[in-house]
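**Q** Just my_file00.txt, nothing more (compact mmCIF, C-alpha atoms):
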# COMPACT_ATOMS: atom_id res chain seq x y z
CA MET K 1 0.00 0.00 0.00
CA LYS K 2 2.31 2.64 -1.27
CA LEU K 3 -0.18 5.49 -1.29
CA GLU K 4 -1.25 5.00 2.35
CA LYS K 5 2.37 5.04 3.38
CA LEU K 6 2.92 8.18 1.42
CA ILE K 7 -0.07 9.92 3.01
CA GLY K 8 0.94 8.82 6.49
CA GLY K 9 4.62 9.55 6.14
CA SER K 10 5.12 12.32 3.68
CA SER K 11 5.17 15.76 5.15
CA GLU K 12 7.06 18.92 4.48
CA PHE K 13 6.92 19.55 8.23
CA ASN K 14 9.34 17.53 10.32
CA GLU K 15 9.48 17.25 14.10
CA GLN K 16 11.97 20.10 14.27
CA THR K 17 9.50 22.42 12.58
CA ILE K 18 6.82 21.36 15.01
CA GLU K 19 9.05 22.02 18.00
CA GLU K 20 9.91 25.44 16.67
CA MET K 21 6.26 26.28 15.99
CA LEU K 22 5.35 25.19 19.51
CA ARG K 23 8.07 27.34 20.99
CA ARG K 24 6.70 30.34 19.15
CA SER K 25 3.06 29.57 19.87
CA ARG K 26 3.32 28.98 23.60
CA PRO K 27 3.84 32.63 24.63
CA ARG K 28 1.03 33.72 22.31
CA ILE K 29 -1.35 31.26 23.89
CA ASP K 30 -0.31 32.16 27.41
CA HIS K 31 -0.86 35.80 26.60
CA ALA K 32 -4.28 35.22 25.09
CA LEU K 33 -5.33 32.91 27.92
CA LYS K 34 -4.37 35.48 30.51
CA ALA K 35 -7.22 37.72 29.39
CA MET K 36 -9.83 35.00 29.75
CA ARG K 37 -8.51 33.00 32.67
CA ARG K 38 -10.98 31.88 35.27
CA PRO K 39 -9.66 32.67 38.75
CA GLU K 40 -7.93 29.85 40.57
CA VAL K 41 -9.49 28.79 43.86
CA ALA K 42 -8.60 26.25 46.51
CA VAL K 43 -11.20 23.55 46.98
CA GLY K 44 -11.54 20.58 49.28
CA VAL K 45 -13.95 18.37 51.12
CA VAL K 46 -13.94 18.66 54.87
CA ASN K 47 -15.88 17.05 57.70
CA SER K 48 -17.76 19.26 60.13
CA PRO K 49 -20.42 18.87 62.78
CA LEU K 50 -22.86 19.65 59.97
CA GLY K 51 -21.62 16.76 57.80
CA ALA K 52 -19.23 16.73 54.87
CA LEU K 53 -18.78 20.09 53.17
CA LEU K 54 -17.37 21.05 49.81
CA VAL K 55 -15.55 24.34 50.34
CA ALA K 56 -14.04 26.70 47.77
CA LEU K 57 -11.73 29.45 48.98
CA GLY K 58 -10.67 32.25 46.65
CA GLY K 59 -8.50 35.31 47.07
CA ARG K 60 -11.35 37.42 48.36
CA GLY K 61 -12.85 34.92 50.73
CA ILE K 62 -15.01 31.84 50.77
CA LEU K 63 -16.76 31.35 47.47
CA LEU K 64 -18.72 28.24 48.16
CA ILE K 65 -19.82 26.00 50.99
CA HIS K 66 -21.87 23.08 49.81
CA TYR K 67 -23.54 20.52 52.07
CA LEU K 68 -22.66 17.23 50.46
CA GLY K 69 -25.15 14.49 49.81
CA GLY K 70 -23.84 11.58 47.77
CA ALA K 71 -20.97 11.19 45.31
CA ASP K 72 -23.07 12.46 42.39
CA ASP K 73 -23.77 15.56 44.39
CA LEU K 74 -20.07 16.30 44.71
CA GLU K 75 -19.54 15.78 41.01
CA SER K 76 -22.33 18.11 39.96
CA ALA K 77 -21.28 20.74 42.49
CA ILE K 78 -17.74 20.67 41.10
CA ALA K 79 -19.04 20.84 37.53
CA LYS K 80 -21.08 23.92 38.42
CA LEU K 81 -18.17 25.52 40.22
CA ARG K 82 -15.85 24.95 37.28
CA LEU K 83 -17.99 27.11 35.03
CA ALA K 84 -16.88 30.13 37.03
CA VAL K 85 -13.46 29.24 38.47
CA ASP K 86 -10.54 26.85 38.08
CA PRO K 87 -10.55 24.67 41.19
CA VAL K 88 -7.29 23.36 42.62
CA GLU K 89 -7.32 20.96 45.54
CA ASP K 90 -5.74 22.39 48.69
CA ARG K 91 -6.53 20.33 51.73
CA SER K 92 -4.73 22.36 54.38
CA LYS K 93 -6.46 25.62 53.49
CA ILE K 94 -9.85 23.97 53.43
CA LYS K 95 -9.16 22.14 56.66
CA ALA K 96 -8.65 25.52 58.33
CA VAL K 97 -12.10 26.61 57.16
CA GLY K 98 -13.55 23.36 58.49
CA ALA K 99 -11.87 24.02 61.83
CA GLU K 100 -13.45 27.48 62.01
CA ILE K 101 -16.88 26.01 61.42
CA GLY K 102 -16.26 23.33 64.02
CA ARG K 103 -15.27 25.91 66.64
CA TYR K 104 -18.24 28.08 65.77
CA LEU K 105 -20.69 25.27 66.31
CA ALA K 106 -19.02 24.48 69.59
CA GLY K 107 -20.02 27.96 70.74
CA ASP K 108 -17.04 30.17 69.84
CA ALA K 109 -18.81 33.31 68.58
CA ASP K 110 -15.73 34.77 66.89
CA ALA K 111 -14.63 31.63 65.12
CA LEU K 112 -15.74 32.61 61.65
CA ARG K 113 -12.87 34.84 60.59
CA ARG K 114 -12.99 34.64 56.84
CA ASP K 115 -15.02 36.82 54.50
CA ALA K 116 -17.68 35.45 52.24
CA ASP K 117 -17.25 36.18 48.55
CA LEU K 118 -20.69 36.40 46.98
CA THR K 119 -19.58 36.26 43.34
CA LEU K 120 -21.48 33.03 42.82
CA ALA K 121 -24.83 34.49 43.87
CA PRO K 122 -26.93 34.30 40.72
CA SER K 123 -28.63 37.71 40.56
CA PRO K 124 -28.13 41.28 41.83
CA PHE K 125 -31.23 41.05 43.99
CA GLN K 126 -30.07 37.84 45.57
CA LYS K 127 -26.69 39.40 46.20
CA LYS K 128 -28.37 42.34 47.89
CA VAL K 129 -30.44 40.05 50.10
CA LEU K 130 -27.31 38.20 51.16
CA TYR K 131 -25.45 41.44 51.88
CA LYS K 132 -28.32 42.64 54.09
CA LEU K 133 -28.43 39.27 55.77
CA GLN K 134 -24.80 39.59 56.79
CA GLN K 135 -25.86 42.42 59.12
CA VAL K 136 -28.04 40.11 61.19
CA PRO K 137 -25.88 39.31 64.21
CA ARG K 138 -25.41 36.02 66.00
CA GLY K 139 -28.19 35.48 68.52
CA ALA K 140 -30.82 37.20 66.40
CA VAL K 141 -33.04 36.03 63.57
CA VAL K 142 -35.20 37.89 61.09
CA SER K 143 -38.15 36.88 58.99
CA TYR K 144 -38.14 36.39 55.23
CA GLN K 145 -40.52 39.31 55.06
CA ALA K 146 -38.33 41.67 57.09
CA LEU K 147 -35.26 40.73 55.07
CA GLY K 148 -37.18 41.36 51.86
CA ALA K 149 -38.15 44.80 53.11
CA ALA K 150 -34.56 45.56 54.03
CA ALA K 151 -33.44 44.54 50.54
CA GLY K 152 -36.02 46.80 48.96
CA ALA K 153 -38.75 44.24 48.24
CA PRO K 154 -41.34 44.35 51.05
CA LYS K 155 -43.55 41.89 49.20
CA GLY K 156 -40.69 39.65 48.18
CA ALA K 157 -40.61 37.11 51.01
CA ARG K 158 -40.70 34.24 48.50
CA ALA K 159 -37.95 35.81 46.44
CA VAL K 160 -35.90 36.08 49.60
CA GLY K 161 -36.48 32.39 50.21
CA ASN K 162 -35.13 31.73 46.74
CA ALA K 163 -32.10 33.90 47.35
CA LEU K 164 -31.33 32.02 50.54
CA HIS K 165 -31.78 28.71 48.79
CA ASN K 166 -29.12 29.87 46.32
CA ASN K 167 -26.83 31.21 49.04
CA PRO K 168 -23.38 30.08 47.90
CA VAL K 169 -21.81 30.51 51.33
CA PRO K 170 -24.15 29.23 54.07
CA ILE K 171 -22.96 29.45 57.70
CA TYR K 172 -20.74 32.46 56.85
CA VAL K 173 -23.68 34.26 55.27
CA PRO K 174 -26.17 33.31 57.96
CA CYS K 175 -29.16 32.14 55.98
CA HIS K 176 -30.07 29.95 58.93
CA ARG K 177 -30.99 33.17 60.75
CA VAL K 178 -34.07 33.68 58.63
CA ILE K 179 -37.45 32.30 59.69
CA ALA K 180 -41.12 32.66 58.89
CA SER K 181 -42.71 35.82 60.29
CA ASP K 182 -45.13 33.81 62.46
CA GLY K 183 -42.21 32.33 64.37
CA GLY K 184 -42.12 29.08 62.40
CA LEU K 185 -38.64 27.97 61.47
CA GLY K 186 -39.05 27.92 57.69
CA GLY K 187 -36.79 25.76 55.57
CA TYR K 188 -33.10 25.36 54.99
CA GLY K 189 -31.05 24.43 51.95
CA GLY K 190 -29.08 21.87 53.90
CA GLY K 191 -32.13 20.45 55.67
CA ILE K 192 -33.91 21.70 58.79
CA ALA K 193 -31.75 19.58 61.11
CA ARG K 194 -28.69 21.64 60.19
CA LYS K 195 -30.64 24.88 60.71
CA LEU K 196 -31.66 23.72 64.19
CA LYS K 197 -28.07 22.81 65.01
CA LEU K 198 -26.79 26.19 63.90
CA LEU K 199 -29.49 28.13 65.76
CA ARG K 200 -28.93 26.09 68.90
CA SER K 201 -25.22 26.86 68.77
CA GLU K 202 -26.16 30.54 68.62
CA GLY K 203 -28.12 30.43 71.84
CA PHE K 204 -31.67 29.60 70.79
CA ALA K 205 -33.28 27.09 73.15
CA LEU K 206 -34.61 24.70 70.55
CA SER K 207 -35.23 21.05 71.20
CA LYS K 208 -34.89 18.41 68.54
CA ALA K 209 -38.51 18.42 67.44
CA ASP K 210 -39.13 22.16 67.54
CA GLU K 211 -40.62 23.70 64.48
CA ARG K 212 -41.19 27.11 65.99
CA LEU K 213 -39.06 29.57 67.88
CA PRO K 214 -39.40 29.00 71.63
CA ASP K 215 -41.31 31.44 73.85
CA SER K 216 -38.05 32.58 75.44
CA VAL K 217 -37.40 34.51 72.21
CA VAL K 218 -38.05 38.25 72.40
CA TRP K 219 -39.32 40.43 69.59
CA GLY K 220 -37.19 43.48 68.89
CA HIS K 221 -38.48 46.42 66.87
CA THR K 222 -35.72 48.08 64.84
CA GLY K 223 -37.70 51.32 64.54
CA THR K 224 -38.68 51.98 68.17
CA LYS K 225 -35.69 50.06 69.58
CA VAL K 226 -37.98 48.26 72.02
CA PHE K 227 -38.12 44.53 72.64
CA CYS K 228 -41.10 42.53 73.92
CA ARG K 229 -42.04 39.05 75.00
CA SER K 230 -43.54 37.02 72.18
CA THR K 231 -46.82 37.02 74.14
CA CYS K 232 -47.03 40.83 74.50
CA HIS K 233 -50.24 42.11 72.90
CA THR K 234 -48.33 44.92 71.16
CA THR K 235 -46.61 42.35 68.96
CA ALA K 236 -49.90 41.61 67.25
CA ARG K 237 -50.06 45.01 65.57
CA VAL K 238 -46.45 45.99 64.87
CA ASP K 239 -45.00 46.29 61.39
CA ARG K 240 -43.46 42.89 60.90
CA THR K 241 -40.89 44.09 58.45
CA LYS K 242 -39.15 45.83 61.35
CA ILE K 243 -39.02 42.86 63.68
CA VAL K 244 -35.82 41.06 64.68
CA PHE K 245 -36.09 38.04 66.95
CA PHE K 246 -33.49 37.66 69.69
CA ALA K 247 -32.55 34.45 71.44
CA ASP K 248 -33.03 36.06 74.87
CA PRO K 249 -33.33 39.55 76.47
CA GLU K 250 -29.56 39.76 76.90
CA GLU K 251 -28.94 39.56 73.15
CA ALA K 252 -31.56 42.28 72.59
CA LYS K 253 -29.96 44.57 75.14
CA GLN K 254 -26.56 44.04 73.53
CA ALA K 255 -28.05 45.11 70.22
CA GLY K 256 -29.05 48.42 71.86
CA LEU K 257 -32.75 47.82 72.49
CA ARG K 258 -34.68 48.55 75.70
CA PRO K 259 -37.30 46.28 77.27
CA CYS K 260 -40.99 46.98 76.70
CA LYS K 261 -42.68 48.64 79.69
CA ILE K 262 -45.91 46.71 79.21
CA CYS K 263 -44.73 43.11 79.16
CA ARG K 264 -41.44 43.71 80.99
CA PRO K 265 -39.23 41.07 79.40
CA GLY K 266 -35.95 40.14 81.08
CA MET F 1 -16.14 9.71 59.28
CA ALA F 2 -15.55 9.07 55.61
CA HIS F 3 -16.49 11.75 53.17
CA PRO F 4 -16.80 11.46 49.40
CA LYS F 5 -13.47 11.71 47.66
CA LEU F 6 -12.78 14.86 45.73
CA GLN F 7 -11.76 14.13 42.16
CA LEU F 8 -10.90 17.13 40.05
CA PRO F 9 -10.37 16.88 36.30
CA LEU F 10 -6.84 17.43 35.03
CA PRO F 11 -5.66 21.03 35.10
CA PHE F 12 -5.86 22.59 31.66
CA GLU F 13 -2.08 23.16 31.57
CA GLN F 14 -1.46 19.44 31.74
CA ILE F 15 -3.79 18.80 28.86
CA LEU F 16 -2.03 21.49 26.89
CA CYS F 17 1.38 19.95 27.57
CA ARG F 18 0.20 16.48 26.80
CA HIS F 19 -1.52 17.16 23.50
CA GLU F 20 -0.05 20.32 22.00
CA ARG F 21 2.51 18.45 19.91
CA GLU F 22 0.06 16.17 18.14
CA ILE F 23 -2.45 18.97 17.62
CA MET F 24 0.24 21.14 16.07
CA ARG F 25 1.37 18.27 13.86
CA TYR F 26 -2.16 17.66 12.71
CA LEU F 27 -2.89 21.33 12.03
CA LEU F 28 0.33 21.82 10.10
CA ARG F 29 -0.44 18.90 7.85
CA ALA F 30 -4.13 19.58 7.50
CA SER F 31 -3.70 23.24 6.65
CA GLY F 32 -0.37 22.90 4.85
CA ASP F 33 0.65 26.36 5.89
CA ARG F 34 2.64 27.55 8.89
CA ASP F 35 0.80 30.81 9.47
CA ASP F 36 -2.57 29.13 9.14
CA ALA F 37 -1.48 26.36 11.47
CA ALA F 38 -0.22 28.83 14.08
CA ASP F 39 -3.52 30.73 14.02
CA LEU F 40 -5.58 27.56 14.16
CA PHE F 41 -3.41 26.20 16.95
CA GLN F 42 -4.00 29.24 19.13
CA GLU F 43 -7.70 29.33 18.35
CA THR F 44 -8.01 25.62 19.12
CA TRP F 45 -6.53 26.02 22.58
CA LEU F 46 -8.48 29.14 23.43
CA ARG F 47 -11.71 27.42 22.48
CA ALA F 48 -10.67 24.35 24.38
CA TYR F 49 -10.02 26.43 27.49
CA ARG F 50 -13.38 28.14 27.21
CA ALA F 51 -15.22 24.86 26.71
CA TYR F 52 -13.20 22.75 29.14
CA PRO F 53 -15.59 23.12 32.10
CA ARG F 54 -18.42 21.84 29.95
CA LEU F 55 -16.55 18.70 28.93
CA GLU F 56 -18.21 15.86 30.80
CA PRO F 57 -15.74 14.08 33.09
CA ASP F 58 -16.26 10.70 31.44
CA ARG F 59 -15.55 11.96 27.93
CA GLU F 60 -12.11 11.49 26.46
CA VAL F 61 -10.02 14.58 25.99
CA ARG F 62 -8.16 13.60 22.85
CA PRO F 63 -11.09 13.18 20.42
CA TRP F 64 -12.64 16.30 21.92
CA LEU F 65 -9.53 18.36 21.15
CA TYR F 66 -9.33 16.97 17.64
CA ALA F 67 -13.00 17.77 17.11
CA ILE F 68 -12.30 21.42 17.94
CA ALA F 69 -9.30 21.47 15.62
CA VAL F 70 -11.23 19.77 12.80
CA ASN F 71 -14.13 22.20 13.11
CA LEU F 72 -11.78 25.16 13.00
CA CYS F 73 -10.01 23.76 9.94
CA ARG F 74 -13.36 23.32 8.25
CA ASN F 75 -14.38 26.89 8.99
CA ARG F 76 -11.06 28.17 7.76
CA ALA F 77 -11.33 26.14 4.53
CA ARG F 78 -14.86 27.43 3.94
CA ASP F 79 -13.86 31.04 4.49
CA GLY F 80 -10.83 30.58 2.27
CA ALA F 81 -12.95 29.07 -0.48
CA ARG F 82 -15.35 32.01 -0.26
CA ARG F 83 -12.51 34.47 -0.60
CA ARG F 84 -10.99 32.64 -3.54
CA ARG F 85 -14.32 32.51 -5.34
CA VAL F 86 -14.47 36.28 -5.29
CA ILE F 87 -11.02 36.64 -6.75
CA VAL F 88 -11.07 33.92 -9.42
CA ALA F 89 -13.76 34.17 -12.09
CA ASP F 90 -15.89 31.06 -12.35
CA ASP F 91 -14.93 29.98 -15.87
CA GLN F 92 -11.22 29.95 -15.09
CA GLN F 93 -11.69 27.70 -12.14
CA ASP F 94 -10.99 24.05 -12.59
CA SER F 95 -10.54 21.71 -9.72
CA ALA F 96 -7.28 21.59 -7.87
CA ALA F 97 -6.98 17.90 -8.61
CA GLU F 98 -7.28 18.42 -12.33
CA ARG F 99 -4.72 21.15 -12.30
CA ALA F 100 -2.44 19.02 -10.20
CA GLY F 101 -2.95 16.15 -12.64
CA LYS F 102 -1.88 18.30 -15.56
CA THR F 103 1.21 19.73 -14.04
CA HIS F 104 2.74 17.02 -11.93
CA ARG F 105 1.97 13.74 -13.62
CA SER F 106 5.50 13.21 -14.83
CA HIS F 107 7.14 13.78 -11.44
CA HIS F 108 5.75 10.76 -9.62
CA GLU F 109 9.05 9.51 -8.40
CA ASN F 110 10.25 12.83 -7.06
CA ASP F 111 9.44 13.00 -3.36
CA GLY F 112 8.92 16.72 -3.04
CA TYR F 113 6.54 16.86 -5.96
CA ALA F 114 4.70 13.80 -4.78
CA THR F 115 4.07 15.46 -1.44
CA VAL F 116 2.80 18.64 -3.00
CA ARG F 117 0.64 16.84 -5.49
CA LEU F 118 -0.76 14.57 -2.84
CA GLY F 119 -1.61 17.60 -0.75
CA GLU F 120 -3.52 19.11 -3.63
CA LEU F 121 -5.40 15.90 -4.32
CA ILE F 122 -6.33 15.58 -0.67
CA SER F 123 -7.55 19.14 -0.45
CA ALA F 124 -9.78 18.49 -3.46
CA LEU F 125 -11.55 15.60 -1.71
CA PRO F 126 -15.09 16.05 -0.37
CA GLU F 127 -15.05 17.59 3.10
CA ARG F 128 -15.94 14.59 5.22
CA GLN F 129 -13.77 12.18 3.30
CA ARG F 130 -10.87 14.57 3.60
CA GLU F 131 -11.36 15.03 7.32
CA ALA F 132 -11.64 11.31 7.95
CA LEU F 133 -8.54 10.64 5.87
CA GLN F 134 -6.55 13.32 7.64
CA LEU F 135 -7.54 12.05 11.07
CA ARG F 136 -6.66 8.51 10.11
CA TYR F 137 -3.33 9.12 8.39
CA PHE F 138 -2.11 12.51 9.65
CA ALA F 139 -3.10 12.08 13.27
CA GLY F 140 -3.01 8.28 13.32
CA LEU F 141 -6.30 7.99 15.20
CA ASP F 142 -8.32 4.78 15.25
CA TYR F 143 -11.84 4.48 13.92
CA PRO F 144 -13.70 4.68 17.24
CA GLU F 145 -11.96 8.01 17.87
CA ILE F 146 -12.63 9.29 14.36
CA ALA F 147 -16.28 8.34 14.71
CA LYS F 148 -16.49 10.33 17.94
CA ILE F 149 -14.83 13.37 16.41
CA MET F 150 -16.97 13.36 13.31
CA LYS F 151 -20.11 12.41 15.19
CA CYS F 152 -20.81 9.43 12.96
CA SER F 153 -20.77 5.64 13.30
CA GLN F 154 -17.55 3.67 13.06
CA PRO F 155 -18.50 2.04 9.74
CA ALA F 156 -19.28 5.48 8.35
CA ALA F 157 -15.86 6.73 9.40
CA ARG F 158 -14.26 3.68 7.83
CA ALA F 159 -16.25 4.18 4.62
CA ASN F 160 -15.22 7.81 4.39
CA VAL F 161 -11.56 6.90 4.68
CA SER F 162 -11.72 4.08 2.17
CA GLN F 163 -13.65 6.17 -0.35
CA ALA F 164 -11.10 8.90 0.00
CA LEU F 165 -8.31 6.41 -0.58
CA ARG F 166 -10.04 4.95 -3.63
CA LYS F 167 -10.47 8.40 -5.10
CA LEU F 168 -6.85 9.29 -4.48
CA LYS F 169 -5.66 6.08 -6.06
CA SER F 170 -7.71 6.64 -9.20
CA LEU F 171 -6.24 10.11 -9.61
CA TRP F 172 -2.71 9.16 -8.71
Turn this file's structure into structure tokens for me.

**A**
Amino acid sequence: MKLEKLIGGSSEFNEQTIEEMLRRSRPRIDHALKAMRRPEVAVGVVNSPLGALLVALGGRGILLIHYLGGADDLESAIAKLRLAVDPVEDRSKIKAVGAEIGRYLAGDADALRRDADLTLAPSPFQKKVLYKLQQVPRGAVVSYQALGAAAGAPKGARAVGNALHNNPVPIYVPCHRVIASDGGLGGYGGGIARKLKLLRSEGFALSKADERLPDSVVWGHTGTKVFCRSTCHTTARVDRTKIVFFADPEEAKQAGLRPCKICRPG
Amino acid sequence: MAHPKLQLPLPFEQILCRHEREIMRYLLRASGDRDDAADLFQETWLRAYRAYPRLEPDREVRPWLYAIAVNLCRNRARDGARRRRVIVADDQQDSAAERAGKTHRSHHENDGYATVRLGELISALPERQREALQLRYFAGLDYPEIAKIMKCSQPAARANVSQALRKLKSLW
């Protein structure tokens, strides 16, 4: 088969030419790639009291915390992450994040040192909701409705729920601190058990089966700076978009509120 | 507590290192021109980088890279043909193979001429036959890989190559 041999073998370009072309092309490619490079981030899987987490840590903070289900879950989470960044495994960095979360759940209020990077939040509104949410301190919770009002959408409680569902950095952006405005606990992306665990570690007296905030919670009004017992009759007619729930009277006082003179909490 | 094991796909740099040589070789031979090959080479890798996250983890990298290169070659050939058609009036245009047949028939035994003539004959082949032939003999890929690249069945890939060979032999 002379012709096949000729097609396969004959070429005016020998290996030397190829090497030379490669040498010249490499800098051009590097230069062109530089403009379109996805940022490199450290990723890893780490165990925590909340189960296995997939964590991505970029230059500006934590990009992603993902509660892991099965093996498929990890694969699809990585595939999604890779659309935006180039992940590189770095166990020691991620272990440090896991350690922070572990300490936090053990009750160390200052354990979460790193910033959350909200680049992966899907929409501007959702980003805004998450930014506002970061102002809710440990020991307090707000309602979906109140958070919506704070983010400029007083009727957007459902949209807030969506934003929290898409929260790329749970725990650090405290989406577990958002509940239904009637005191019910609402849902959680990682399952209600994790939400309960997180809230308990922040001082809320919740038992395993609780689906509502306990009566020890006080209602704080961000406008009047007054806090009441949940049973106080004034709570029935206040503007719910201004309500923040505190784990106990102490937390409310620390936030700069005074007790109600009618129901005398604390 | 055991957690699921993290398995990241290869970094893009490693893929670049591993395959750049064969892609360059293929592009040089398929385009027959250094400048064209250099452009196509860069474009291939930029596209590959952009598309890399969307490559499913269980798909093979090599056929995927070749598919990008083949598509780019095809686009380039189409654009080139369009440009040439504007410049050359229709009645003066006879096929490259015919022209090659007229000019080089007597130089069969001369290696340089044979290479050039062969190149012209190959570039005159129908698109899919040419691509299949180039993948088989320039890149040395096997039929399952060619079928993946060209999105056809293995017998179809085989048929394309053999038809291309038959045509070349009849013109040789």

**Q** Compute the chain F side of the contact with chain K at 6 Å, counting all atoms listed in the file, and hand it back as a ChimeraX atom specification.

**A** /F:3-4,42,53,137-138

**Q** Export C-alpha atoms of the chosen residues as a tab-separated table (two decimals), keeping the file's coordinate frame?

**A**
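Ended up saving to again_18.tsv:
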chain	number	residue	atom	x	y	z
F	3	HIS	CA	-16.49	11.75	53.17
F	4	PRO	CA	-16.80	11.46	49.40
F	42	GLN	CA	-4.00	29.24	19.13
F	53	PRO	CA	-15.59	23.12	32.10
F	137	TYR	CA	-3.33	9.12	8.39
F	138	PHE	CA	-2.11	12.51	9.65

**Q** Please provide the set of residues having any atom within 7 Å of region 129-134 of chain F, restricted to all atoms listed in the file, with same-chain residues fewer than 4 positions apart removed, written as a PyMOL selection string.

**A** chain F and resi 30+122-123+125+138-139+146+157+160-161+164

**Q** In Å to one decimal, how far is CA of Lys95 (chain K) from CA of Ile62 (chain K)?

**A**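 Separation of CA of Ile62 (chain K) and CA of Lys95 (chain K): 12.8 Å.
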
**Q** Quick one: distance from CA of Arg229 (chain K) to CA of Cys263 (chain K) in Å, one decimal?

**A**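 Atom-to-atom, CA of Arg229 (chain K) and CA of Cys263 (chain K) are spaced 6.4 Å apart.
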
**Q** As an exercise, work out the distance from CA of Ile171 (chain K) to CA of Ser143 (chain K) in Å and give it to one decimal place.

**A** 17.0 Å

**Q** Give me the residues near region 151-156 of chain F as a PDB file with C-alpha atoms, in the frame of the given file, where near means some atom within 12 Å (using all atoms listed in the file) and where sequence neighbours in that chain fewer than 4 positions away do not count.

**A**
ATOM      1  CA  PRO F  63     -11.090  13.180  20.420  1.00  0.00           C
ATOM      2  CA  TRP F  64     -12.640  16.300  21.920  1.00  0.00           C
ATOM      3  CA  TYR F  66      -9.330  16.970  17.640  1.00  0.00           C
ATOM      4  CA  ALA F  67     -13.000  17.770  17.110  1.00  0.00           C
ATOM      5  CA  VAL F  70     -11.230  19.770  12.800  1.00  0.00           C
ATOM      6  CA  ASN F  71     -14.130  22.200  13.110  1.00  0.00           C
ATOM      7  CA  ARG F 128     -15.940  14.590   5.220  1.00  0.00           C
ATOM      8  CA  GLN F 129     -13.770  12.180   3.300  1.00  0.00           C
ATOM      9  CA  ALA F 132     -11.640  11.310   7.950  1.00  0.00           C
ATOM     10  CA  ASP F 142      -8.320   4.780  15.250  1.00  0.00           C
ATOM     11  CA  TYR F 143     -11.840   4.480  13.920  1.00  0.00           C
ATOM     12  CA  PRO F 144     -13.700   4.680  17.240  1.00  0.00           C
ATOM     13  CA  GLU F 145     -11.960   8.010  17.870  1.00  0.00           C
ATOM     14  CA  ILE F 146     -12.630   9.290  14.360  1.00  0.00           C
ATOM     15  CA  ALA F 147     -16.280   8.340  14.710  1.00  0.00           C
ATOM     16  CA  ASN F 160     -15.220   7.810   4.390  1.00  0.00           C
ATOM     17  CA  VAL F 161     -11.560   6.900   4.680  1.00  0.00           C
ATOM     18  CA  SER F 162     -11.720   4.080   2.170  1.00  0.00           C
ATOM     19  CA  GLN F 163     -13.650   6.170  -0.350  1.00  0.00           C
TER      20      GLN F 163
END

**Q** Which region 51-124 of chain K residues have any atom within 7 Å of an atom of region 200-214 of chain K, and for each, what is the nearest pair of atoms with distance in Å to one decimal, counting all atoms listed in the file, rows sorted by chain and number, as CSV?

**A**
residue,atom,partner,partner_atom,distance
K:Leu105,CA,K:Ser201,CA,5.4
K:Ala106,CA,K:Ser201,CA,6.7
K:Gly107,CA,K:Ser201,CA,5.7

**Q** Need the axis-aligned box for region 141-145 of chain K with 5 Å each side, so what are the centre and edges in Å to one decimal, as lines of an AutoDock Vina configuration file?

**A**
center_x = -36.8
center_y = 37.7
center_z = 59.3
size_x = 17.5
size_y = 13.3
size_z = 18.5

**Q** With all atoms listed in the file as the atoms that count, which of F:Ala48, F:Val61, F:Met24, F:Leu40 lies nearest to Asn75 (chain F)?

**A**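 Selected residue with least distance to Asn75 (chain F): F:Leu40.
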
**Q** Which one of K:Val169, K:Cys228, K:Ala157, K:Leu185 sits closest to Tyr67 (chain K) if you count only C-alpha atoms?

**A**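 That would be K:Val169, the residue with the smallest distance to Tyr67 (chain K).
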
**Q** When you count all atoms listed in the file, which of these residues is closest to Pro11 (chain F): F:Ala114, F:Ala38, F:Tyr52, F:Leu28?

**A**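 For Pro11 (chain F), the nearest of the given residues is F:Tyr52.
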
**Q** If you count all atoms listed in the file, which residues fall within 10 Å of region 134-140 of chain K, apart from same-chain ones fewer than 4 positions away, as a VMD selection string?

**A** chain K and resid 109 to 110 116 128 to 130 147 172 to 175 177 to 178 199 to 204 217 to 220 244 to 248 250 to 252 255

**Q** Identify which of the residues F:Arg62, F:Lys169, F:Arg34, F:Lys148 lies closest to Leu16 (chain F), counting only C-alpha atoms when measuring atom-to-atom distances.

**A**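 Ranking F:Arg62, F:Lys169, F:Arg34, F:Lys148 by distance to Leu16 (chain F), first place goes to F:Arg62.
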